[in-house]
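Worksheet: the structure to be examined is printed underneath.
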Amino acid sequence: MDTHVIAAGLPALGWTMHGSLLLHRLATARRDPLTGLRTRAGWTARAGHLMARHASALVILVDLDDFKNINDTHGHAAGDAVLTATAHRLSDWCGHNGIAARLGGDEFAAAVTDPGRTSGLSTLQAALNRPVEHNGHALNVSASVGHCDHKSLLVPTLTDALSAADSAMYAAKGHGRRNAR
């Protein structure tokens with residue numbers, strides 16, 4: 001083989017490998033390493049597209065109640081188990097009808113295109129409030145859930161939907177833990 005051809009091809013091969021590595025790092029950065037859910041940045045872009053294309057979209061915010069107490073009492077491995085279980089429960093509830101994310105800490109979000117194709121908010125609330133098994137202990141978990149129906153917004157943007165869902169979530173917390181609004 002001609003050495004000139006090999007010499008010319010090496011930089012192209014190097015750039016191809018470098019580009020592939022960068023794409024992998026970008027994809028990894030958009031996924032939470034603990035739960036496997038999208039991060040805030042990855043979710044926001046996708047949820048914005050879903051809202052723009054689906055008039056019946058529903059945005060949900062979830063905040064685990066007294067999560068710090070789980071970490072302080074049972075350790076961070078127990079807290080990680082609760083976060084992972086919450087992620088699976090929220091993702092399962094969304095199914096192929098939406099996307100879920102871990103926004104940070106013990107806060108999660110979801111956007112579903114057609115709420116009628118889910119099992120309903122009461123089912124989500126019940127799933128999120130089920131105990132999580134960790135090292136032979138049943139850890140009591142509770143979550144406050146806020147939601148916003150796309151159709152109820154004057155300006156149907158993701159920012160407005162998140163703001164309304166956040167307000168609803170804090171209203172639910174004001175009525176005690178394990179609530180949805």
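By order in the structure tokens, chains are A, B, ...; within a chain, residues start at 1; ligands start at 1, following the order shown.
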Stretch 82-93 of chain A surroundings by only C-alpha atoms, 9 Å radius, close-in-sequence under 4 positions cut, as number ranges by chain:
A: 34-37, 64, 67, 70, 77-78, 97-102, 105-106, 108-110, 118-120, 123-124, 127-128, 131-134, 139, 141
Tell me, as a list in words, which residues lie within 8 Å of A:Asp166, counting only C-alpha atoms; anything in the same chain fewer than 6 positions away does not count.
Leu61, Gly146 and His147 of chain A
Enumerate, in order of chain and increasing residue number, the residues of stretch 16-122 of chain A with an atom no farther than 12 Å from stretch 151-158 of chain A, each with its shortest atom pair and distance in Å to one decimal, counting only C-alpha atoms, as a tab-separated table.
residue	atom	partner	partner_atom	distance
A:Trp43	CA	A:Leu158	CA	10.8
A:Thr44	CA	A:Leu158	CA	7.8
A:Ala45	CA	A:Leu158	CA	9.4
A:Arg46	CA	A:Leu158	CA	10.2
A:Ala47	CA	A:Leu158	CA	7.2
A:Gly48	CA	A:Leu158	CA	5.5
A:His49	CA	A:Leu158	CA	9.0
A:Leu50	CA	A:Leu158	CA	9.3
A:Met51	CA	A:Leu158	CA	6.9
A:Ala52	CA	A:Thr157	CA	7.7
A:Arg53	CA	A:Pro156	CA	10.9
A:His54	CA	A:Lys151	CA	9.7
A:Ala55	CA	A:Lys151	CA	6.3
A:Ser56	CA	A:Lys151	CA	6.3
A:Ala57	CA	A:Lys151	CA	7.7
A:Leu58	CA	A:Lys151	CA	8.7
A:Val59	CA	A:Leu158	CA	8.1
A:Ile60	CA	A:Leu158	CA	11.0
A:Ala109	CA	A:Leu158	CA	11.6
A:Ala110	CA	A:Leu158	CA	11.4
A:Ala111	CA	A:Leu158	CA	9.6
A:Thr113	CA	A:Lys151	CA	11.8
A:Asp114	CA	A:Lys151	CA	11.6
A:Pro115	CA	A:Lys151	CA	11.9
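Distance annotation: of A:Lys173, A:Arg130, A:His137, A:His150, the residue with the minimal separation from A:His74 is A:His137; atom set is only C-alpha atoms.
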Quick check for you: according to DSSP on this backbone, which residues of chain A are classed as strand (DSSP E)? Reply as number ranges by chain.
A: 58-64, 98-104, 107-112, 132-134, 137-139, 143-149
With N, CA and C atoms retained, could you export that selection as an mmCIF file, in the first residue's frame?
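Wrote part-v8.cif, looks like this:
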data_model
loop_
_atom_site.group_PDB
_atom_site.id
_atom_site.type_symbol
_atom_site.label_atom_id
_atom_site.label_comp_id
_atom_site.auth_asym_id
_atom_site.auth_seq_id
_atom_site.Cartn_x
_atom_site.Cartn_y
_atom_site.Cartn_z
ATOM 1 N N LEU A 58 -49.047 17.254 28.985
ATOM 2 C CA LEU A 58 -49.109 17.473 30.424
ATOM 3 C C LEU A 58 -47.683 17.501 30.954
ATOM 4 N N VAL A 59 -47.373 18.518 31.773
ATOM 5 C CA VAL A 59 -46.058 18.644 32.390
ATOM 6 C C VAL A 59 -46.214 18.370 33.879
ATOM 7 N N ILE A 60 -45.302 17.575 34.412
ATOM 8 C CA ILE A 60 -45.372 17.146 35.807
ATOM 9 C C ILE A 60 -44.052 17.440 36.497
ATOM 10 N N LEU A 61 -44.126 17.955 37.724
ATOM 11 C CA LEU A 61 -42.958 18.105 38.579
ATOM 12 C C LEU A 61 -43.158 17.241 39.810
ATOM 13 N N VAL A 62 -42.099 16.579 40.240
ATOM 14 C CA VAL A 62 -42.137 15.699 41.407
ATOM 15 C C VAL A 62 -41.013 16.118 42.351
ATOM 16 N N ASP A 63 -41.345 16.250 43.616
ATOM 17 C CA ASP A 63 -40.348 16.541 44.645
ATOM 18 C C ASP A 63 -40.527 15.523 45.761
ATOM 19 N N LEU A 64 -39.447 14.816 46.093
ATOM 20 C CA LEU A 64 -39.534 13.840 47.176
ATOM 21 C C LEU A 64 -39.595 14.585 48.507
ATOM 22 N N GLY A 98 -44.220 9.714 26.679
ATOM 23 C CA GLY A 98 -43.572 10.921 27.171
ATOM 24 C C GLY A 98 -42.147 10.654 27.609
ATOM 25 N N ILE A 99 -41.575 11.631 28.299
ATOM 26 C CA ILE A 99 -40.206 11.523 28.769
ATOM 27 C C ILE A 99 -40.118 12.006 30.210
ATOM 28 N N ALA A 100 -39.194 11.412 30.934
ATOM 29 C CA ALA A 100 -38.974 11.782 32.327
ATOM 30 C C ALA A 100 -37.543 12.270 32.489
ATOM 31 N N ALA A 101 -37.316 13.065 33.545
ATOM 32 C CA ALA A 101 -35.983 13.607 33.805
ATOM 33 C C ALA A 101 -35.750 13.754 35.298
ATOM 34 N N ARG A 102 -34.504 13.717 35.658
ATOM 35 C CA ARG A 102 -34.099 14.115 37.007
ATOM 36 C C ARG A 102 -33.507 15.504 36.844
ATOM 37 N N LEU A 103 -34.191 16.490 37.416
ATOM 38 C CA LEU A 103 -33.750 17.867 37.266
ATOM 39 C C LEU A 103 -32.557 18.169 38.152
ATOM 40 N N GLY A 104 -32.448 17.442 39.246
ATOM 41 C CA GLY A 104 -31.346 17.638 40.180
ATOM 42 C C GLY A 104 -31.809 17.262 41.567
ATOM 43 N N GLU A 107 -35.531 16.233 42.699
ATOM 44 C CA GLU A 107 -36.580 16.805 41.847
ATOM 45 C C GLU A 107 -36.578 16.130 40.479
ATOM 46 N N PHE A 108 -37.772 15.767 40.061
ATOM 47 C CA PHE A 108 -37.966 15.079 38.793
ATOM 48 C C PHE A 108 -39.020 15.818 37.981
ATOM 49 N N ALA A 109 -39.025 15.573 36.685
ATOM 50 C CA ALA A 109 -40.035 16.153 35.801
ATOM 51 C C ALA A 109 -40.423 15.127 34.754
ATOM 52 N N ALA A 110 -41.594 15.333 34.193
ATOM 53 C CA ALA A 110 -42.044 14.490 33.084
ATOM 54 C C ALA A 110 -42.921 15.329 32.172
ATOM 55 N N ALA A 111 -42.953 14.938 30.940
ATOM 56 C CA ALA A 111 -43.879 15.520 29.965
ATOM 57 C C ALA A 111 -44.487 14.359 29.202
ATOM 58 N N VAL A 112 -45.809 14.328 29.154
ATOM 59 C CA VAL A 112 -46.493 13.288 28.392
ATOM 60 C C VAL A 112 -47.340 13.956 27.319
ATOM 61 N N VAL A 132 -39.609 1.799 49.334
ATOM 62 C CA VAL A 132 -38.495 1.292 48.531
ATOM 63 C C VAL A 132 -37.690 0.335 49.405
ATOM 64 N N GLU A 133 -37.453 -0.865 48.897
ATOM 65 C CA GLU A 133 -36.656 -1.853 49.629
ATOM 66 C C GLU A 133 -35.174 -1.549 49.452
ATOM 67 N N HIS A 134 -34.449 -1.525 50.593
ATOM 68 C CA HIS A 134 -33.006 -1.323 50.537
ATOM 69 C C HIS A 134 -32.359 -2.041 51.712
ATOM 70 N N HIS A 137 -34.596 -3.308 54.411
ATOM 71 C CA HIS A 137 -35.460 -2.332 55.065
ATOM 72 C C HIS A 137 -36.428 -1.738 54.048
ATOM 73 N N ALA A 138 -37.636 -1.489 54.492
ATOM 74 C CA ALA A 138 -38.609 -0.788 53.658
ATOM 75 C C ALA A 138 -38.509 0.696 54.003
ATOM 76 N N LEU A 139 -38.034 1.476 53.058
ATOM 77 C CA LEU A 139 -37.885 2.913 53.267
ATOM 78 C C LEU A 139 -39.176 3.609 52.857
ATOM 79 N N ALA A 143 -43.965 11.702 47.948
ATOM 80 C CA ALA A 143 -43.646 12.701 46.931
ATOM 81 C C ALA A 143 -44.805 13.670 46.787
ATOM 82 N N SER A 144 -44.455 14.904 46.504
ATOM 83 C CA SER A 144 -45.455 15.904 46.138
ATOM 84 C C SER A 144 -45.366 16.084 44.633
ATOM 85 N N VAL A 145 -46.522 16.133 43.989
ATOM 86 C CA VAL A 145 -46.586 16.190 42.537
ATOM 87 C C VAL A 145 -47.404 17.403 42.115
ATOM 88 N N GLY A 146 -46.839 18.175 41.212
ATOM 89 C CA GLY A 146 -47.566 19.287 40.598
ATOM 90 C C GLY A 146 -47.668 19.032 39.112
ATOM 91 N N HIS A 147 -48.747 19.458 38.516
ATOM 92 C CA HIS A 147 -48.900 19.238 37.079
ATOM 93 C C HIS A 147 -49.563 20.435 36.434
ATOM 94 N N CYS A 148 -49.341 20.552 35.146
ATOM 95 C CA CYS A 148 -49.953 21.614 34.362
ATOM 96 C C CYS A 148 -50.367 21.051 33.013
ATOM 97 N N ASP A 149 -51.612 21.234 32.714
ATOM 98 C CA ASP A 149 -52.174 20.829 31.428
ATOM 99 C C ASP A 149 -51.865 21.927 30.409
#
Using DSSP assignments from the backbone, pull out every residue in stretch 20-155 of chain A that falls under alpha helix (DSSP H) and give it to me as an MDAnalysis selection string.
chainID A and resid 20:29 40:53 67:74 76:94 121:128
Rounded to one decimal in Å, what is the spacing between atom CA of A:Gly136 and atom CA of A:Ala81?
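A separation of 12.3 Å between them.
Atom pair atom CA of A:Gln125 / atom CA of A:Ser142 has a distance of 8.6 Å (rounded to one decimal).
Straight-line separation from atom CA of A:Arg30 to atom CA of A:Asn69: 28.3 Å.
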Given the choices A:Ser163, A:Asn129, A:Asp32, A:Arg38, which gets closest to A:Asp65 if the distance is worked out from only C-alpha atoms?
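Among the listed residues, the smallest separation from A:Asp65 belongs to A:Asn129.
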